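Chemist: Handing you this structure, nothing more for now.
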Amino acid sequence: MRKPLMAGNWKMNKTVAEAVSVVKALKSSIADVTDVEVLICPTFTALYAVNNEVKGSNINIGAQNLFWEPKGAFTGEISPTMVKDTGCSYVLIGHSERRQYFNETDETVNKKTKAALVAGLIPVICIGETLKEREQNITFKVIEKQIKEGLAGLTPQQAETIVIAYEPVWAIGTGKTATPDQAQEVHAFTRKVYSQMYGDASQKVRILYGGSVNPTNVSDLMKQPDIDGGLVGGASLEAESFTKLVKYSK
């Protein structure tokens, strides 16, 4: 049975003090949650302070990105070891905004994924199609390429460890959401492609939905058989709204 994972991507929001304030409130409001795994991904500058705040709680910490080299002359980059050193157990890789604005490719996603796993981090690898690609009816083609190239070359154990997040780019920050049926269709296809690559690991890997998830639609999305959680943006920025997502109606 796959344990649901509710992950909050804070993107480029919150100072250290603001991040700690939200986490204090969140820690209290979800202290009784045991049936859903909780993850928040603050900015790099807040990771250390947030980790100190959540120690001993049921909240996991993740970074929003990393570089695939362990060290060296790569100004402005953060290595997997540095991410791990802040207390992170997870890292987001290949988010659509990284692909759109910072030239992330399936090749670099693959490099980062493998580097994260070597460092003992669990990568949350993001895949998804743009509005143009959906309108051209090539969603499955896009998803298959991202999976086969971005997740190639994993060991059997690594293949079970990772998390995949399907985020239809056209539904991120737009208020639009894929219907539960639309989301389930792509999640099922994702699991099928992953099964072709890694067999039974496809039944253990968690696939999150990310695309304007909010307290209103989360329960219907989570009822779908292949949706194992959410990668949440705006609704994760405040403790009250994120708590509602973590405690969604079963």
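Letters A, B, ... mark the chains of the structure tokens in the order given; residue numbers begin at 1 per chain; ligand numbers begin at 1, in order shown.
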Per residue of region 2-67 of chain A within 10 Å of region 95-101 of chain A, record the nearest atom pair and its distance in Å to one decimal, counting only C-alpha atoms, with rows in chain order and ascending residue number, as a Markdown table.

Modeler:
| residue | atom | partner | partner_atom | distance |
| --- | --- | --- | --- | --- |
| A:Asn9 | CA | A:His95 | CA | 10.0 |
| A:Lys11 | CA | A:Glu97 | CA | 9.5 |
| A:Gln64 | CA | A:His95 | CA | 8.4 |
| A:Asn65 | CA | A:His95 | CA | 8.6 |

Chemist: So which residues touch Ala239 (chain A) within 10 Å, counting only C-alpha atoms, skipping near sequence neighbours fewer than 3 positions away, as number ranges by chain?

Modeler: A: 21-30, 235-236, 242-245

Chemist: Generate the output file for the selected residues, N, CA, C and O atoms, as a CSV table (one decimal), in the first residue's frame.

Modeler:
chain,number,residue,atom,x,y,z
A,21,SER,N,7.9,30.8,10.9
A,21,SER,CA,6.6,31.1,11.5
A,21,SER,C,5.5,30.1,11.0
A,21,SER,O,4.7,29.6,11.7
A,22,VAL,N,5.6,29.9,9.7
A,22,VAL,CA,4.6,29.0,9.1
A,22,VAL,C,4.8,27.6,9.6
A,22,VAL,O,3.8,26.9,9.9
A,23,VAL,N,6.0,27.1,9.6
A,23,VAL,CA,6.3,25.8,10.1
A,23,VAL,C,5.9,25.5,11.5
A,23,VAL,O,5.4,24.5,11.9
A,24,LYS,N,6.1,26.5,12.4
A,24,LYS,CA,5.7,26.4,13.8
A,24,LYS,C,4.2,26.1,13.8
A,24,LYS,O,3.7,25.2,14.6
A,25,ALA,N,3.4,26.9,13.1
A,25,ALA,CA,1.9,26.7,13.1
A,25,ALA,C,1.6,25.4,12.5
A,25,ALA,O,0.7,24.6,13.0
A,26,LEU,N,2.2,25.0,11.4
A,26,LEU,CA,1.9,23.7,10.7
A,26,LEU,C,2.3,22.5,11.6
A,26,LEU,O,1.5,21.6,11.7
A,27,LYS,N,3.4,22.6,12.3
A,27,LYS,CA,3.8,21.5,13.1
A,27,LYS,C,2.8,21.2,14.2
A,27,LYS,O,2.5,20.0,14.5
A,28,SER,N,2.2,22.2,14.7
A,28,SER,CA,1.1,22.1,15.7
A,28,SER,C,-0.2,21.5,15.1
A,28,SER,O,-0.8,20.6,15.7
A,29,SER,N,-0.5,22.0,14.0
A,29,SER,CA,-1.9,21.7,13.4
A,29,SER,C,-1.9,20.3,12.8
A,29,SER,O,-3.0,19.7,12.7
A,30,ILE,N,-0.8,19.7,12.5
A,30,ILE,CA,-0.8,18.4,11.9
A,30,ILE,C,-0.1,17.3,12.7
A,30,ILE,O,0.3,16.2,12.3
A,235,ALA,N,-1.3,26.8,-2.2
A,235,ALA,CA,-2.1,26.4,-1.1
A,235,ALA,C,-1.2,25.8,0.1
A,235,ALA,O,-1.7,25.5,1.2
A,236,SER,N,0.1,25.7,-0.2
A,236,SER,CA,1.0,25.2,0.9
A,236,SER,C,1.7,26.3,1.6
A,236,SER,O,2.5,26.1,2.6
A,242,PHE,N,-2.7,24.5,4.0
A,242,PHE,CA,-1.9,23.2,3.8
A,242,PHE,C,-2.4,22.1,4.8
A,242,PHE,O,-2.5,20.9,4.4
A,243,THR,N,-2.8,22.5,6.0
A,243,THR,CA,-3.3,21.5,6.9
A,243,THR,C,-4.6,20.9,6.4
A,243,THR,O,-4.8,19.7,6.5
A,244,LYS,N,-5.4,21.7,5.7
A,244,LYS,CA,-6.7,21.1,5.1
A,244,LYS,C,-6.3,20.1,4.0
A,244,LYS,O,-7.0,19.1,3.8
A,245,LEU,N,-5.2,20.3,3.3
A,245,LEU,CA,-4.8,19.4,2.3
A,245,LEU,C,-4.3,18.1,2.9
A,245,LEU,O,-4.6,17.0,2.5

Chemist: Between CA of Leu39 (chain A) and CA of Ala115 (chain A), what is the spacing in Å?

Modeler: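 Atom-to-atom, CA of Ala115 (chain A) to CA of Leu39 (chain A), that is 20.3 Å.
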